[in-house]
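The file my_file_14.tsv comes next; it holds TSV, C-alpha atoms.
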chain	number	residue	atom	x	y	z
M	1	ALA	CA	35.75	-7.60	78.02
M	2	GLN	CA	36.86	-8.80	81.43
M	3	VAL	CA	38.24	-6.22	83.82
M	4	VAL	CA	40.57	-7.45	86.54
M	5	VAL	CA	40.91	-5.13	89.53
M	6	LYS	CA	43.97	-5.76	91.64
M	7	PRO	CA	43.55	-5.03	95.35
M	8	VAL	CA	45.57	-2.09	96.65
M	9	LYS	CA	47.89	-3.02	99.49
M	10	PRO	CA	47.33	-0.81	102.54
M	11	LYS	CA	50.38	1.20	103.49
M	12	ARG	CA	51.77	0.64	106.96
M	13	GLN	CA	53.02	3.37	109.25
M	14	VAL	CA	56.55	2.50	110.37
M	15	ILE	CA	56.65	3.45	114.06
M	16	ASN	CA	59.90	4.31	115.79
M	17	GLU	CA	60.06	1.90	118.74
M	18	SER	CA	63.66	2.59	119.77
M	19	GLY	CA	62.75	4.74	122.76
M	20	LYS	CA	64.77	7.61	121.27
M	21	PRO	CA	63.84	10.35	118.77
M	22	ALA	CA	64.31	9.46	115.09
M	23	GLU	CA	67.06	11.58	113.54
M	24	LYS	CA	68.96	11.49	110.23
M	25	SER	CA	71.16	13.85	108.21
M	26	LEU	CA	72.01	14.11	104.51
M	27	THR	CA	74.50	16.29	102.59
M	28	VAL	CA	72.68	18.08	99.75
M	29	ASP	CA	72.95	20.88	97.19
M	30	ALA	CA	72.58	24.45	98.49
M	31	LYS	CA	69.38	24.95	96.47
M	32	VAL	CA	67.85	21.53	97.12
M	33	ASN	CA	64.15	20.91	96.52
M	34	ILE	CA	62.64	19.12	99.54
M	35	SER	CA	59.25	17.38	99.63
M	36	LEU	CA	57.41	15.74	102.52
M	37	CYS	CA	53.93	14.86	103.66
M	38	VAL	CA	52.67	14.73	107.25
M	39	THR	CA	49.70	12.90	108.73
M	40	GLU	CA	49.81	14.79	112.03
M	41	GLY	CA	52.19	16.74	114.24
M	42	ASN	CA	53.78	20.16	114.69
M	43	ILE	CA	56.19	20.92	111.83
M	44	LYS	CA	59.13	23.29	112.24
M	45	VAL	CA	61.49	24.01	109.33
M	46	HIS	CA	64.50	26.26	109.82
M	47	GLY	CA	67.11	27.43	107.31
M	48	TRP	CA	70.77	27.19	108.33
M	49	ASP	CA	74.17	27.85	106.77
M	50	ARG	CA	74.97	24.21	105.98
M	51	ASN	CA	74.42	22.24	102.78
M	52	GLU	CA	72.74	19.54	104.81
M	53	ILE	CA	69.25	18.36	105.78
M	54	ARG	CA	68.76	17.27	109.38
M	55	ALA	CA	65.42	15.59	110.11
M	56	TYR	CA	64.17	14.95	113.65
M	57	ILE	CA	60.96	13.32	114.89
M	58	SER	CA	60.18	13.08	118.60
M	59	ASP	CA	60.00	9.71	120.36
M	60	GLY	CA	56.88	7.68	119.56
M	61	GLY	CA	56.41	9.05	116.06
M	62	SER	CA	57.34	7.54	112.72
M	63	LYS	CA	60.84	6.68	111.61
M	64	VAL	CA	62.56	9.04	109.18
M	65	GLY	CA	64.64	8.61	106.04
M	66	PHE	CA	65.48	10.17	102.69
M	67	LYS	CA	64.57	9.27	99.12
M	68	ILE	CA	67.00	10.88	96.67
M	69	LEU	CA	65.04	11.67	93.50
M	70	GLN	CA	67.73	13.58	91.59
M	71	LYS	CA	71.43	14.42	91.95
M	72	SER	CA	73.51	17.34	90.68
M	73	LYS	CA	75.48	16.62	87.52
M	74	GLN	CA	78.32	18.78	88.84
M	75	ASN	CA	79.01	17.27	92.26
M	76	GLU	CA	76.55	14.38	92.73
M	77	ASN	CA	74.93	16.10	95.71
M	78	PRO	CA	71.13	15.58	95.87
M	79	VAL	CA	69.10	18.43	94.34
M	80	TRP	CA	65.68	16.80	94.91
M	81	VAL	CA	64.96	14.89	98.10
M	82	MET	CA	61.83	13.42	99.66
M	83	VAL	CA	61.78	13.09	103.45
M	84	VAL	CA	59.82	9.93	104.29
M	85	GLY	CA	58.52	8.20	107.41
M	86	PHE	CA	60.73	5.13	107.09
M	87	ASP	CA	64.30	4.11	106.31
M	88	PRO	CA	64.32	2.93	102.65
M	89	SER	CA	67.18	0.51	103.38
M	90	GLU	CA	65.20	-1.34	106.07
M	91	THR	CA	61.65	-1.73	104.75
M	92	SER	CA	61.86	-3.30	101.31
M	93	ARG	CA	59.48	-6.16	102.22
M	94	ILE	CA	56.51	-3.97	103.16
M	95	GLU	CA	54.57	-1.12	101.58
M	96	PRO	CA	55.43	1.67	104.05
M	97	GLU	CA	53.54	4.90	104.63
M	98	GLU	CA	55.64	7.74	103.23
M	99	CYS	CA	54.08	10.49	105.35
M	100	LEU	CA	55.73	11.51	108.60
M	101	SER	CA	53.94	11.59	111.95
M	102	GLY	CA	54.91	12.64	115.46
M	103	ASP	CA	54.30	15.25	118.13
M	104	GLU	CA	57.29	17.30	116.96
M	105	ILE	CA	58.74	17.15	113.44
M	106	GLU	CA	61.79	19.35	112.83
M	107	LEU	CA	63.90	19.98	109.74
M	108	ASP	CA	67.06	22.04	109.38
M	109	VAL	CA	67.66	22.77	105.69
M	110	PRO	CA	69.92	25.02	103.54
M	111	ARG	CA	68.74	28.64	103.39
M	112	GLY	CA	68.37	28.41	99.60
M	113	ALA	CA	66.11	25.34	99.74
M	114	THR	CA	62.61	25.04	98.29
M	115	VAL	CA	60.30	23.32	100.78
M	116	ASN	CA	57.09	21.52	99.71
M	117	ILE	CA	54.78	20.23	102.46
M	118	LYS	CA	51.43	18.47	102.28
M	119	SER	CA	49.72	17.87	105.60
M	120	ARG	CA	46.48	16.41	106.89
M	121	GLU	CA	46.54	18.05	110.33
M	122	SER	CA	49.47	20.13	111.54
M	123	LYS	CA	50.71	23.46	112.78
M	124	THR	CA	53.42	24.46	110.29
M	125	THR	CA	56.20	26.96	111.02
M	126	ILE	CA	58.89	27.72	108.39
M	127	ASP	CA	61.68	30.24	108.81
M	128	SER	CA	64.59	31.45	106.63
M	129	VAL	CA	64.39	29.36	103.44
M	130	GLY	CA	64.25	30.18	99.74
M	131	LYS	CA	60.79	29.16	98.60
M	132	VAL	CA	57.75	27.54	100.23
M	133	ARG	CA	54.70	25.58	99.13
M	134	VAL	CA	52.39	24.39	101.94
M	135	ASP	CA	49.02	22.66	101.58
M	136	ASN	CA	47.27	21.79	104.87
M	137	ILE	CA	43.87	20.22	105.35
M	138	GLY	CA	43.84	21.62	108.88
M	139	GLY	CA	46.19	23.73	110.95
M	140	ASP	CA	47.77	27.17	111.12
M	141	ILE	CA	50.70	28.19	108.88
M	142	PHE	CA	53.42	30.62	110.03
M	143	LEU	CA	56.05	31.75	107.50
M	144	ASN	CA	58.93	34.14	108.19
M	145	ASN	CA	61.92	35.35	106.18
M	146	ILE	CA	61.06	33.45	102.98
M	147	SER	CA	63.14	35.00	100.20
M	148	ASN	CA	61.73	33.86	96.86
M	149	GLY	CA	58.00	33.16	96.91
M	150	ILE	CA	55.18	31.51	98.84
M	151	GLU	CA	52.15	29.35	98.08
M	152	ALA	CA	50.28	28.56	101.31
M	153	ALA	CA	46.82	27.05	101.68
M	154	THR	CA	44.92	25.59	104.61
M	155	ARG	CA	41.27	24.49	104.77
M	156	GLN	CA	40.83	25.23	108.47
M	157	GLY	CA	43.35	27.57	110.06
M	158	GLY	CA	45.12	30.86	109.64
M	159	VAL	CA	48.05	31.97	107.47
M	160	THR	CA	50.63	34.45	108.77
M	161	VAL	CA	53.52	35.75	106.62
M	162	SER	CA	56.21	38.19	107.74
M	163	ARG	CA	59.51	39.65	106.45
M	164	SER	CA	59.30	37.75	103.16
M	165	SER	CA	59.58	38.44	99.45
M	166	GLY	CA	58.56	37.06	96.05
M	167	ALA	CA	55.20	36.20	94.47
M	168	MET	CA	52.67	35.10	97.10
M	169	VAL	CA	49.38	33.20	97.03
M	170	LEU	CA	47.75	32.76	100.46
M	171	SER	CA	44.37	31.10	101.03
M	172	THR	CA	42.17	29.57	103.72
M	173	ASN	CA	38.56	28.42	103.88
M	174	GLU	CA	38.07	28.98	107.61
M	175	GLY	CA	40.59	31.40	109.11
M	176	ASN	CA	42.40	34.71	109.01
M	177	ILE	CA	45.27	35.89	106.80
M	178	VAL	CA	47.91	38.26	108.15
M	179	ALA	CA	50.82	39.58	106.07
M	180	PHE	CA	53.30	42.30	106.99
M	181	ASP	CA	56.65	43.57	105.74
M	182	VAL	CA	56.50	41.66	102.44
M	183	SER	CA	57.83	42.70	99.04
M	184	PRO	CA	58.40	41.40	95.50
M	185	SER	CA	61.74	39.82	94.64
M	186	GLU	CA	61.28	40.51	90.90
M	187	ILE	CA	59.31	43.04	88.86
M	188	GLY	CA	55.85	41.62	88.22
M	189	ASP	CA	55.63	39.50	91.37
M	190	PHE	CA	52.02	39.54	92.63
M	191	PHE	CA	50.35	39.18	96.03
M	192	LYS	CA	47.05	37.31	96.38
M	193	ALA	CA	45.12	36.56	99.57
M	194	LYS	CA	41.75	34.83	99.85
M	195	THR	CA	39.62	33.63	102.75
M	196	SER	CA	36.06	32.31	102.58
M	197	ASN	CA	35.33	32.99	106.26
M	198	GLY	CA	37.79	35.27	108.07
M	199	THR	CA	39.65	38.57	107.94
M	200	ILE	CA	42.62	39.72	105.86
M	201	THR	CA	45.11	42.08	107.48
M	202	LEU	CA	47.89	43.61	105.36
M	203	GLN	CA	50.63	45.96	106.50
M	204	GLU	CA	53.73	47.22	104.66
M	205	ILE	CA	52.96	45.36	101.42
M	206	GLU	CA	55.27	46.56	98.64
M	207	HIS	CA	53.83	44.51	95.75
M	208	ARG	CA	52.35	46.63	92.96
M	209	GLN	CA	49.78	43.93	92.10
M	210	ILE	CA	47.62	43.08	95.13
M	211	GLU	CA	44.42	41.02	95.10
M	212	ALA	CA	42.54	40.37	98.34
M	213	ASN	CA	39.18	38.58	98.53

Represent the structure contained in this file as structure tokens.
Amino acid sequence: AQVVVKPVKPKRQVINESGKPAEKSLTVDAKVNISLCVTEGNIKVHGWDRNEIRAYISDGGSKVGFKILQKSKQNENPVWVMVVGFDPSETSRIEPEECLSGDEIELDVPRGATVNIKSRESKTTIDSVGKVRVDNIGGDIFLNNISNGIEAATRQGGVTVSRSSGAMVLSTNEGNIVAFDVSPSEIGDFFKAKTSNGTITLQEIEHRQIEAN
């Protein structure tokens, strides 16, 4: 049998060359699920009282745009959105890199949003949203006022969680874990923390099921 291997086209980073920060907004559902990946940069996500995503990347970084993956059947507002490092309406002739990059990457999102971030190298700060999943190769993670659950992992860096609730799984290979003033949002919610090389500090943990390694 003859096997034909097609070459994979390299993806191209779409750089913002306008001389101004890249910024876009999108009206969404109050409980929208938001996904993004980041090659490098400081990420800040903040929940606000608008059913809208505002994405901002400082000058010299990638462009920014939105891929709508699913809409609400009730009002047609997006319920699943991917934030990407290009404008989908402008780059149909190339294979663009979807991951964002820039010195400062900021998102304002609805307070009920679920935020999913994958990052190669970044400091990640998320405040006042519904649910969080973060997976960093390198960089510290800071999470505050998350209302309905956290999954946070970094290979090299620390994880700090405060004033949050829900089931939580926190892990790092090289770094410390700090959690304080956290509680379950439902009966049976668990708390797990694991570091291979670091310390775990817990204060005011109200979960009945706690596992720390």

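Proximity ranking of M:Phe190, M:Phe86, M:Phe180, M:Trp80 relative to Thr27 (chain M) places M:Trp80 first, based on only C-alpha atoms.
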
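Here the question is which of M:Gly166, M:Gly198, M:Gly130, M:Gly65 gets nearest to Gly85 (chain M) using only C-alpha atoms, and that residue is M:Gly65.
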
Selection: 8 Å around Ile205 (chain M), all atoms listed in the file, excl. self and same-chain fewer than 3 positions, as an mmCIF file with C-alpha atoms, keeping the file's coordinate frame:
data_model
loop_
_atom_site.group_PDB
_atom_site.id
_atom_site.type_symbol
_atom_site.label_atom_id
_atom_site.label_comp_id
_atom_site.auth_asym_id
_atom_site.auth_seq_id
_atom_site.Cartn_x
_atom_site.Cartn_y
_atom_site.Cartn_z
ATOM 1 C CA ALA M 179 50.820 39.580 106.070
ATOM 2 C CA PHE M 180 53.300 42.300 106.990
ATOM 3 C CA ASP M 181 56.650 43.570 105.740
ATOM 4 C CA VAL M 182 56.500 41.660 102.440
ATOM 5 C CA SER M 183 57.830 42.700 99.040
ATOM 6 C CA LEU M 202 47.890 43.610 105.360
#

Find the axis-aligned box for region 166-177 of chain M, covering all its listed atoms and adding 6 Å on each side, and write its centre and edge lengths in Å to one decimal as AutoDock Vina command-line options.
--center_x 48.3 --center_y 32.7 --center_z 101.8 --size_x 32.5 --size_y 20.6 --size_z 26.6

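Note that CA of Ile105 (chain M) and CA of Lys118 (chain M) are 13.4 Å apart.
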
Which residues, written as an NGL selection string, have at least one atom at most 9 Å from region 56-61 of chain M, with all atoms listed in the file counted and residues fewer than 2 positions away on the same chain left out? :M and (14-25 or 41 or 54 or 63-64 or 85 or 100-108)

Atoms kept (C-alpha atoms) for selection, written as a CSV table (one decimal), in the coordinates of the input:
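Final file, again.csv:
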chain,number,residue,atom,x,y,z
M,14,VAL,CA,56.6,2.5,110.4
M,15,ILE,CA,56.6,3.4,114.1
M,16,ASN,CA,59.9,4.3,115.8
M,17,GLU,CA,60.1,1.9,118.7
M,18,SER,CA,63.7,2.6,119.8
M,19,GLY,CA,62.8,4.7,122.8
M,20,LYS,CA,64.8,7.6,121.3
M,21,PRO,CA,63.8,10.4,118.8
M,22,ALA,CA,64.3,9.5,115.1
M,23,GLU,CA,67.1,11.6,113.5
M,24,LYS,CA,69.0,11.5,110.2
M,25,SER,CA,71.2,13.8,108.2
M,41,GLY,CA,52.2,16.7,114.2
M,54,ARG,CA,68.8,17.3,109.4
M,63,LYS,CA,60.8,6.7,111.6
M,64,VAL,CA,62.6,9.0,109.2
M,85,GLY,CA,58.5,8.2,107.4
M,100,LEU,CA,55.7,11.5,108.6
M,101,SER,CA,53.9,11.6,112.0
M,102,GLY,CA,54.9,12.6,115.5
M,103,ASP,CA,54.3,15.2,118.1
M,104,GLU,CA,57.3,17.3,117.0
M,105,ILE,CA,58.7,17.2,113.4
M,106,GLU,CA,61.8,19.4,112.8
M,107,LEU,CA,63.9,20.0,109.7
M,108,ASP,CA,67.1,22.0,109.4

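What separates CA of Asp140 (chain M) from CA of Ser128 (chain M) is a distance of 17.9 Å.
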
Would you mind listing what lies within 9 Å of Val81 (chain M) as an NGL selection string, with only C-alpha atoms counted and same-chain residues fewer than 4 positions away left out? :M and (28 or 32-36 or 66-71)

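For the pair CA of Ile177 (chain M) and CA of Arg120 (chain M), the separation is 19.5 Å.
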
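Only residues having an atom at most 6 Å from (46.9, 19.8, 104.8) are included; using only C-alpha atoms, these are Lys118, Ser119, Arg120, Glu121, Asp135, Asn136, Ile137 and Gly138 of chain M.
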
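Distances from M:Gln13, M:Lys31, M:Asn51, M:Arg155 to Asp87 (chain M) were compared using all atoms listed in the file, and the smallest one belongs to M:Gln13.
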
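Each of M:Gly175, M:Glu186, M:Glu211, M:Ser72 was compared to Thr199 (chain M) using only C-alpha atoms, and M:Gly175 turns out to be the nearest.
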
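Compared by their closest atoms to Ser196 (chain M), and using all atoms listed in the file, the residues M:Thr154, M:Val79, M:Met168, M:Gly149 rank with M:Thr154 nearest.
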